[in-house]
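Listing of structure-v5.txt; format and content: compact mmCIF, C-alpha atoms.
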# COMPACT_ATOMS: atom_id res chain seq x y z
CA MET A 1 15.24 -23.41 -26.39
CA SER A 2 12.97 -26.34 -25.56
CA PHE A 3 9.41 -26.68 -26.81
CA LEU A 4 8.29 -26.28 -23.17
CA GLN A 5 10.06 -22.94 -22.91
CA ASN A 6 8.50 -21.83 -26.19
CA ASP A 7 5.05 -22.72 -24.87
CA GLU A 8 5.73 -20.84 -21.65
CA PHE A 9 6.82 -17.69 -23.51
CA MET A 10 3.76 -17.88 -25.75
CA GLU A 11 1.53 -18.21 -22.70
CA LEU A 12 3.25 -15.27 -20.99
CA GLY A 13 2.76 -13.23 -24.17
CA LYS A 14 -0.95 -13.96 -24.14
CA VAL A 15 -1.19 -12.96 -20.49
CA LYS A 16 0.64 -9.68 -21.19
CA ILE A 17 -1.73 -8.85 -24.06
CA ASP A 18 -4.74 -9.66 -21.87
CA ILE A 19 -3.46 -7.40 -19.07
CA GLU A 20 -2.77 -4.55 -21.48
CA ASP A 21 -6.24 -4.94 -22.98
CA LYS A 22 -7.78 -4.55 -19.53
CA LEU A 23 -5.59 -1.74 -18.23
CA VAL A 24 -4.64 0.48 -21.17
CA PRO A 25 -7.31 3.18 -21.72
CA LYS A 26 -9.29 2.79 -24.91
CA GLY A 27 -10.97 5.57 -26.85
CA GLY A 28 -14.61 5.99 -25.79
CA GLU A 29 -17.57 7.44 -27.60
CA ILE A 30 -17.07 10.88 -26.02
CA THR A 31 -13.91 12.57 -27.25
CA ALA A 32 -14.70 16.28 -26.70
CA LEU A 33 -16.55 18.47 -24.22
CA PRO A 34 -20.28 18.42 -24.93
CA ALA A 35 -21.64 21.56 -26.59
CA GLN A 36 -24.30 21.74 -23.87
CA GLY A 37 -23.95 20.49 -20.33
CA LYS A 38 -25.67 17.21 -19.51
CA SER A 39 -28.34 16.81 -16.86
CA PRO A 40 -27.64 14.97 -13.59
CA GLU A 41 -30.05 12.25 -14.73
CA TRP A 42 -28.11 11.73 -17.96
CA ILE A 43 -24.81 11.54 -16.07
CA LEU A 44 -26.11 8.90 -13.66
CA GLU A 45 -27.65 6.91 -16.49
CA GLU A 46 -24.40 7.03 -18.45
CA MET A 47 -22.46 5.78 -15.43
CA ALA A 48 -24.91 2.89 -15.02
CA LYS A 49 -24.61 2.13 -18.72
CA MET A 50 -20.81 2.01 -18.57
CA ASP A 51 -20.89 -0.20 -15.49
CA LYS A 52 -23.15 -2.62 -17.29
CA GLU A 53 -21.36 -2.64 -20.64
CA LEU A 54 -17.78 -2.41 -19.42
CA GLY A 55 -18.07 -4.18 -16.08
CA THR A 56 -16.50 -7.54 -15.33
CA HIS A 57 -18.10 -10.73 -14.08
CA THR A 58 -16.66 -10.04 -10.62
CA ASP A 59 -19.03 -8.68 -8.00
CA TRP A 60 -16.85 -7.31 -5.22
CA ARG A 61 -19.88 -6.94 -2.95
CA GLN A 62 -20.07 -10.73 -2.71
CA GLY A 63 -16.54 -10.91 -1.35
CA LYS A 64 -15.18 -12.73 -4.38
CA ILE A 65 -12.26 -10.44 -5.13
CA SER A 66 -8.87 -10.21 -3.45
CA GLY A 67 -7.30 -7.00 -2.26
CA ALA A 68 -8.79 -4.38 -4.57
CA VAL A 69 -11.69 -3.36 -2.32
CA TYR A 70 -11.81 -2.75 1.44
CA HIS A 71 -15.44 -2.08 2.22
CA GLY A 72 -16.61 -1.07 5.66
CA GLY A 73 -20.31 -1.52 4.95
CA ASP A 74 -23.14 0.55 3.52
CA ASP A 75 -23.59 2.65 6.66
CA LEU A 76 -19.95 3.74 6.54
CA SER A 77 -20.34 4.56 2.84
CA LYS A 78 -23.13 6.98 3.75
CA VAL A 79 -20.87 8.63 6.33
CA LEU A 80 -18.07 8.99 3.77
CA LEU A 81 -20.41 10.47 1.17
CA ALA A 82 -21.70 12.98 3.70
CA ALA A 83 -18.13 13.98 4.62
CA PHE A 84 -17.17 14.38 0.96
CA GLU A 85 -20.27 16.46 0.22
CA ARG A 86 -19.60 18.78 3.15
CA TYR A 87 -16.00 19.46 2.13
CA ALA A 88 -16.20 18.91 -1.64
CA VAL A 89 -14.76 22.33 -2.55
CA SER A 90 -12.36 22.70 0.36
CA ASN A 91 -8.60 22.97 -0.10
CA SER A 92 -6.13 22.10 2.63
CA LEU A 93 -3.71 24.65 1.19
CA HIS A 94 -5.90 27.35 2.79
CA PRO A 95 -6.27 26.55 6.50
CA ASP A 96 -7.44 30.10 7.14
CA VAL A 97 -10.48 29.38 4.96
CA PHE A 98 -10.94 25.73 5.95
CA PRO A 99 -9.51 25.41 9.49
CA SER A 100 -11.44 22.21 10.23
CA ILE A 101 -9.55 20.37 7.47
CA ARG A 102 -6.22 21.14 9.12
CA GLU A 103 -7.65 20.01 12.47
CA MET A 104 -8.86 16.74 10.99
CA GLU A 105 -5.50 16.12 9.32
CA ALA A 106 -3.72 16.69 12.63
CA GLU A 107 -6.00 14.16 14.31
CA ILE A 108 -5.49 11.56 11.54
CA VAL A 109 -1.74 12.04 11.92
CA ALA A 110 -1.88 11.68 15.69
CA MET A 111 -3.97 8.49 15.54
CA CYS A 112 -1.72 6.85 12.96
CA LEU A 113 1.52 7.84 14.68
CA ARG A 114 0.24 6.35 17.93
CA MET A 115 -0.77 3.18 16.06
CA TYR A 116 2.83 2.82 14.89
CA ASN A 117 4.29 3.66 18.32
CA ASN A 118 5.66 7.11 17.61
CA PRO A 119 3.18 9.54 19.21
CA ASP A 120 5.72 12.37 19.20
CA GLY A 121 6.61 12.00 15.52
CA ALA A 122 5.47 14.04 12.55
CA THR A 123 3.85 13.16 9.25
CA ARG A 124 1.32 14.33 6.66
CA VAL A 125 -1.54 12.98 4.58
CA THR A 126 -0.71 12.28 0.92
CA SER A 127 -2.81 11.35 -2.10
CA GLY A 128 -1.72 7.73 -2.46
CA GLY A 129 0.82 5.03 -1.69
CA THR A 130 3.14 6.01 -4.53
CA GLU A 131 3.22 9.65 -3.42
CA SER A 132 3.90 8.56 0.15
CA ILE A 133 6.96 6.63 -0.97
CA VAL A 134 8.11 9.29 -3.43
CA MET A 135 7.99 11.97 -0.75
CA ALA A 136 10.03 9.80 1.63
CA ILE A 137 12.61 9.25 -1.12
CA LYS A 138 12.76 13.00 -1.73
CA ALA A 139 13.39 13.61 1.97
CA TYR A 140 16.27 11.11 2.00
CA ARG A 141 17.76 12.51 -1.21
CA ASP A 142 17.69 16.07 0.12
CA TRP A 143 19.10 14.96 3.48
CA ALA A 144 21.95 13.12 1.76
CA ARG A 145 22.82 16.20 -0.30
CA ASP A 146 22.46 18.80 2.43
CA VAL A 147 23.81 16.90 5.44
CA LYS A 148 26.11 14.18 4.10
CA GLY A 149 27.38 16.04 1.06
CA ILE A 150 26.48 13.24 -1.37
CA THR A 151 25.98 14.80 -4.79
CA GLU A 152 24.39 11.72 -6.38
CA PRO A 153 22.56 9.79 -3.63
CA GLU A 154 21.22 6.30 -4.25
CA MET A 155 19.04 3.72 -2.55
CA ILE A 156 19.69 0.00 -2.27
CA GLY A 157 16.72 -2.28 -1.71
CA PRO A 158 15.35 -5.77 -2.22
CA VAL A 159 13.73 -7.08 -5.39
CA THR A 160 10.50 -7.55 -3.40
CA ALA A 161 10.06 -3.81 -2.73
CA HIS A 162 7.04 -2.12 -4.28
CA ALA A 163 7.41 -0.66 -7.77
CA ALA A 164 6.77 2.80 -6.31
CA PHE A 165 10.39 2.82 -5.11
CA ASP A 166 11.55 2.40 -8.73
CA ASN A 167 9.26 5.26 -9.75
CA GLY A 168 10.38 7.46 -6.89
CA ALA A 169 14.05 6.87 -7.61
CA ALA A 170 13.44 7.77 -11.26
CA TYR A 171 11.54 10.94 -10.31
CA MET A 172 14.34 12.01 -7.95
CA SER A 173 17.15 11.04 -10.39
CA MET A 174 18.55 8.49 -7.99
CA ARG A 175 20.23 5.19 -8.79
CA TYR A 176 18.32 2.27 -7.29
CA PRO A 177 19.78 -1.20 -7.79
CA SER A 178 17.23 -3.79 -6.66
CA ILE A 179 19.15 -6.73 -5.24
CA PRO A 180 18.74 -9.65 -2.83
CA TRP A 181 19.57 -8.34 0.63
CA ARG A 182 23.27 -8.29 1.38
CA THR A 183 25.54 -6.47 3.82
CA THR A 184 27.56 -4.46 1.31
CA ARG A 185 26.64 -0.81 0.83
CA THR A 186 27.97 1.96 -1.38
CA ARG A 187 29.25 5.30 -0.16
CA ALA A 188 26.47 7.03 -2.07
CA ALA A 189 23.65 5.13 -0.35
CA CYS A 190 21.28 7.31 1.64
CA ALA A 191 18.31 4.99 2.28
CA GLU A 192 17.09 1.42 2.10
CA PRO A 193 13.44 0.42 1.67
CA CYS A 194 11.85 -2.63 3.23
CA SER A 195 8.34 -4.03 3.61
CA ALA A 196 5.95 -5.15 6.32
CA ILE A 197 4.40 -6.83 4.44
CA ASN A 198 5.59 -7.01 0.83
CA PHE A 199 3.32 -6.91 -2.20
CA PRO A 200 4.48 -9.99 -4.17
CA ASP A 201 3.99 -12.71 -1.55
CA GLY A 202 2.98 -11.18 1.79
CA ASN A 203 6.27 -11.87 3.54
CA GLN A 204 8.09 -9.45 5.80
CA ASP A 205 11.67 -8.22 5.66
CA ASP A 206 13.88 -8.58 8.75
CA ILE A 207 13.49 -4.97 9.78
CA VAL A 208 15.45 -5.33 13.02
CA ALA A 209 18.49 -6.57 11.10
CA LEU A 210 18.05 -3.90 8.46
CA GLY A 211 17.82 -1.29 11.20
CA GLY A 212 21.23 -2.44 12.38
CA LEU A 213 22.63 -2.04 8.87
CA ALA A 214 21.06 1.39 8.51
CA ALA A 215 22.59 2.49 11.80
CA ARG A 216 25.98 1.11 10.81
CA TYR A 217 26.04 3.03 7.54
CA ASN A 218 24.08 6.05 8.84
CA ILE A 219 21.36 5.84 6.20
CA GLY A 220 17.58 6.03 6.38
CA LEU A 221 15.33 2.99 6.72
CA HIS A 222 11.86 3.30 5.21
CA VAL A 223 9.25 0.66 6.06
CA ASP A 224 6.55 0.27 3.43
CA CYS A 225 3.60 -0.77 5.56
CA CYS A 226 0.93 0.16 3.03
CA LEU A 227 -0.15 -3.47 2.68
CA GLY A 228 0.10 -4.13 6.42
CA SER A 229 -1.64 -0.87 7.38
CA PHE A 230 -4.52 -1.60 9.78
CA ILE A 231 -3.69 -5.32 10.03
CA ALA A 232 -0.03 -5.50 11.14
CA PRO A 233 -0.31 -3.02 14.06
CA PHE A 234 -3.21 -5.03 15.54
CA LEU A 235 -1.73 -8.55 15.33
CA GLU A 236 0.19 -8.16 18.58
CA GLN A 237 -2.91 -6.95 20.41
CA ALA A 238 -4.93 -9.80 18.88
CA GLY A 239 -2.44 -12.34 20.24
CA LEU A 240 -1.43 -13.44 16.73
CA ALA A 241 2.05 -11.92 16.38
CA ASP A 242 3.76 -15.17 17.43
CA GLY A 243 2.22 -17.09 14.52
CA GLU A 244 1.54 -20.82 14.76
CA ASN A 245 3.71 -23.91 14.84
CA GLY A 246 6.85 -21.89 14.35
CA ARG A 247 5.58 -20.12 11.22
CA TYR A 248 3.83 -16.87 10.31
CA LYS A 249 5.45 -14.86 13.10
CA LEU A 250 5.24 -11.08 12.83
CA MET A 251 8.66 -9.56 13.51
CA PRO A 252 9.01 -6.02 14.93
CA PHE A 253 8.43 -3.46 12.20
CA ASP A 254 7.31 -0.08 13.56
CA PHE A 255 9.04 2.88 15.20
CA ARG A 256 10.01 0.77 18.18
CA VAL A 257 12.68 -0.77 15.96
CA ARG A 258 15.99 1.06 16.24
CA TRP A 259 16.72 3.24 13.21
CA VAL A 260 13.36 2.97 11.47
CA THR A 261 13.19 6.53 10.17
CA SER A 262 9.95 6.57 8.17
CA ILE A 263 6.86 4.45 7.51
CA SER A 264 4.17 4.65 4.83
CA GLN A 265 0.69 3.37 5.65
CA ASP A 266 -2.74 3.25 4.00
CA THR A 267 -5.87 4.21 5.91
CA HIS A 268 -8.07 2.29 3.47
CA LYS A 269 -6.60 -1.19 4.04
CA TYR A 270 -8.88 -2.45 6.82
CA GLY A 271 -9.16 1.09 8.16
CA PHE A 272 -12.01 1.23 5.61
CA ALA A 273 -11.31 4.84 4.69
CA PRO A 274 -10.93 5.99 1.09
CA LYS A 275 -7.51 5.50 -0.50
CA VAL A 276 -5.47 8.12 1.35
CA PRO A 277 -2.16 6.95 2.90
CA ILE A 278 -0.13 8.61 5.62
CA ARG A 279 3.43 9.82 5.21
CA HIS A 280 5.45 13.03 5.11
CA SER A 281 4.43 15.40 2.33
CA THR A 282 4.92 19.03 1.43
CA LEU A 283 1.94 18.92 -0.91
CA ASN A 284 -1.67 19.74 -0.22
CA GLY A 285 -4.92 18.63 -1.81
CA PRO A 286 -8.70 18.49 -1.62
CA GLY A 287 -9.96 18.77 1.91
CA ALA A 288 -12.63 16.15 1.21
CA LEU A 289 -9.89 13.52 0.90
CA ILE A 290 -8.83 14.37 4.44
CA ALA A 291 -12.36 14.57 5.82
CA GLU A 292 -13.23 11.08 4.57
CA PRO A 293 -10.48 9.10 6.36
CA TRP A 294 -11.05 11.19 9.49
CA ALA A 295 -14.75 10.31 9.37
CA ALA A 296 -14.00 6.63 8.73
CA MET A 297 -11.56 6.36 11.62
CA GLN A 298 -13.97 8.10 13.98
CA TYR A 299 -16.89 5.94 12.84
CA MET A 300 -15.09 2.58 12.93
CA GLY A 301 -13.01 3.07 16.06
CA TYR A 302 -10.70 0.44 17.52
CA ASP A 303 -12.70 -2.79 17.38
CA PRO A 304 -13.27 -3.33 13.61
CA PRO A 305 -9.55 -3.27 12.68
CA LEU A 306 -8.80 -5.58 15.60
CA THR A 307 -11.59 -7.90 14.49
CA ALA A 308 -10.34 -7.77 10.90
CA ALA A 309 -6.81 -8.62 12.00
CA THR A 310 -8.14 -11.58 13.95
CA SER A 311 -10.53 -12.93 11.32
CA VAL A 312 -8.23 -12.42 8.33
CA THR A 313 -4.96 -13.59 9.82
CA SER A 314 -6.21 -16.44 12.00
CA SER A 315 -8.14 -18.00 9.11
CA PRO A 316 -7.05 -21.51 8.11
CA VAL A 317 -6.28 -20.46 4.53
CA ARG A 318 -2.50 -20.74 4.89
CA ASN A 319 -2.60 -24.27 6.23
CA ASN A 320 -5.51 -25.37 4.05
CA ILE A 321 -3.52 -24.54 0.92
CA THR A 322 -1.10 -27.35 1.62
CA THR A 323 -3.36 -29.78 3.45
CA SER A 324 -6.14 -29.77 0.86
CA ILE A 325 -3.76 -29.73 -2.14
CA PRO A 326 -0.48 -31.42 -1.13
CA GLU A 327 1.19 -30.39 -4.39
CA LEU A 328 1.07 -26.74 -3.31
CA TYR A 329 3.29 -24.89 -0.87
CA VAL A 330 3.10 -21.47 0.79
CA LEU A 331 5.87 -19.07 -0.20
CA GLY A 332 7.86 -18.17 2.89
CA SER A 333 6.14 -17.37 6.17
CA PRO A 334 3.55 -14.62 5.53
CA PRO A 335 2.43 -13.15 8.88
CA ALA A 336 -0.60 -11.09 7.87
CA SER A 337 -3.29 -10.81 5.22
CA VAL A 338 -1.52 -11.81 1.98
CA VAL A 339 -0.59 -15.38 1.07
CA ALA A 340 1.16 -16.58 -2.09
CA PHE A 341 1.56 -20.20 -3.10
CA GLY A 342 3.33 -22.25 -5.74
CA SER A 343 3.34 -25.78 -7.05
CA GLN A 344 5.90 -28.48 -6.33
CA ASP A 345 4.40 -30.66 -9.09
CA LYS A 346 4.79 -29.66 -12.74
CA SER A 347 1.46 -31.29 -13.50
CA VAL A 348 -0.28 -28.80 -11.18
CA ASN A 349 -0.07 -25.52 -13.07
CA VAL A 350 -0.69 -22.45 -10.87
Render the structure in this file as structure tokens.
Amino acid sequence: MSFLQNDEFMELGKVKIDIEDKLVPKGGEITALPAQGKSPEWILEEMAKMDKELGTHTDWRQGKISGAVYHGGDDLSKVLLAAFERYAVSNSLHPDVFPSIREMEAEIVAMCLRMYNNPDGATRVTSGGTESIVMAIKAYRDWARDVKGITEPEMIGPVTAHAAFDNGAAYMSMRYPSIPWRTTRTRAACAEPCSAINFPDGNQDDIVALGGLAARYNIGLHVDCCLGSFIAPFLEQAGLADGENGRYKLMPFDFRVRWVTSISQDTHKYGFAPKVPIRHSTLNGPGALIAEPWAAMQYMGYDPPLTAATSVTSSPVRNNITTSIPELYVLGSPPASVVAFGSQDKSVNV
């Protein structure tokens, strides 16, 4: 092993330790329920104290952070808080007690299905992107067992698929070899995941071609559109789907593509709702988490996502990366809101 490789491994080790230090929960001062309940004033003061002592140097309100926060403005925050307060104790498992929650969920579903060009389809609200994907995997596993007679179904997907597919396959006891895309398939395959756009570098899988493969082998095709969400569906309407200078073209990805059988999507990514994605689910949860995205979608309407798609995707960032720093290059041809870059010069360490 060369000295350079040793240095690289040491640097990667330091990065891993730093990430673990930030993400792994540490023991706090409070380790048991308080003997007496605290006052609302104490609770708010303690929250402010933790924000100050444990906070980072990053102020997301100044727009200096990438991806983690999708903020629709202070006025929308007030609307969301009011919606949460109104339905804080509601439970969507009891539509007879909280019928408005079921109505709001039906309207969220209808709006999102129309956005992805399947107004006659069916779906449900889930608690997060991982659950959305896990529930899709469960549906494919059960279908493979019940309809195709496959006792040990498996998925085959690309290495760029979100880690939630690995988790879902593990939860459902399915084999899931992550490979570069190829045309071979096993007899036990029941589904293949793809992305529009993917998490690592913002590129898009060739979903039309994958739809052809799925049709040929009679397996499901799930499109993970959680990162594309309220950007990708609006690029065509914004006149940006064709990209520029032969690059950054958005290929077909929604239910108009033959054999796309399911899609997962987040209402918080430029829909500015709280983090509640859309996909099939047999589970139910707090009604407030349905009321908030419903309120956000009603408040924001059509124009803000369209404006976001235009301003984010038509920005000169992709071209500026290479023109301002010639040593850098953009990975692939990212069509939407995520751009990854690398260095062609070893002296430029990115």
Practice problem: Enumerate, as a count of residues only, the protein, DNA and RNA residues whose atoms approach (-6.3, -10.2, 19.9) to within 12 Å, taking into account only C-alpha atoms and the coordinate frame of the file. | Solution: 25
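The list of residues within 9 Å of (25.3, 10.1, -4.9), counted using only C-alpha atoms, is A:Arg141, A:Ala144, A:Arg145, A:Gly149, A:Ile150, A:Thr151, A:Glu152, A:Pro153, A:Glu154, A:Met174, A:Arg175, A:Arg187, A:Ala188, A:Ala189, A:Cys190.
Residues with any atom within 7 Å of range 160-168 of chain A, counting all atoms listed in the file and excluding same-chain neighbours fewer than 6 positions away, are Thr130, Ile133, Val134, Ile137, Tyr176, Pro193, Cys194, Ser195, Asn198, Phe199 and Pro200 of chain A.
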Quiz prompt | Selected residue, from A:Ala82, A:Ile290, A:Leu12, A:Val339, that lies nearest to Asn320 in chain A when counting all atoms listed in the file | solution = A:Val339
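Comparing the minimum interatomic distances between Val223 in chain A and each of A:Ala209, A:Ile197, A:Ala106, A:Ala273, counting all atoms listed in the file, we find that A:Ile197 sits nearest.
The smallest atom-to-atom distance between Tyr270 in chain A and any of A:Val330, A:Ile19, A:Ala291, A:Val69, using all atoms listed in the file, is found for A:Val69.
Here CA of Ala88 in chain A stands at a distance of 7.5 Å from CA of Pro286 in chain A.
From CA of Gly271 in chain A back to CA of Pro95 in chain A, the distance works out to 25.7 Å.
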Quiz item: Looking at only C-alpha atoms, which of A:Tyr329, A:Tyr87, A:Phe230, A:Tyr248 is the one that sits closest to Asp266 in chain A?
Solution: A:Phe230
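Going from CA of Ser343 in chain A over to CA of Val317 in chain A, you cover 16.0 Å.
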Practice problem: Tell me which of A:Asp51, A:Asp254, A:Glu45, A:Asp201 sits closest to Val338 in chain A, counting all atoms listed in the file. | Solution: A:Asp201
Self-check item: Residue among A:Pro177, A:Gly202, A:Pro40, A:Pro99 lying closest to Arg318 in chain A, counting only C-alpha atoms
Solution: A:Gly202
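Using all atoms listed in the file, the residues found no farther than 7 Å from Pro335 in chain A, other than those of its own chain fewer than 6 positions away, are Asn203, Gly243, Tyr248, Lys249 and Leu250 of chain A.
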Write out as JSON an axis-aligned box for range 305-315 of chain A: all of its atoms listed in the file, 4 Å added on each side, centre and edge lengths in Å with one decimal.
{"center_x": -8.3, "center_y": -10.6, "center_z": 12.0, "size_x": 14.6, "size_y": 22.7, "size_z": 15.3}
Practice problem: Show which residues sit within 10 Å of Glu105 in chain A, as a ChimeraX atom specification. Count all atoms listed in the file, and ignore same-chain residues fewer than 2 positions away. | Solution: /A:92,100-103,107-111,123-125,278,287,289-291,293-294
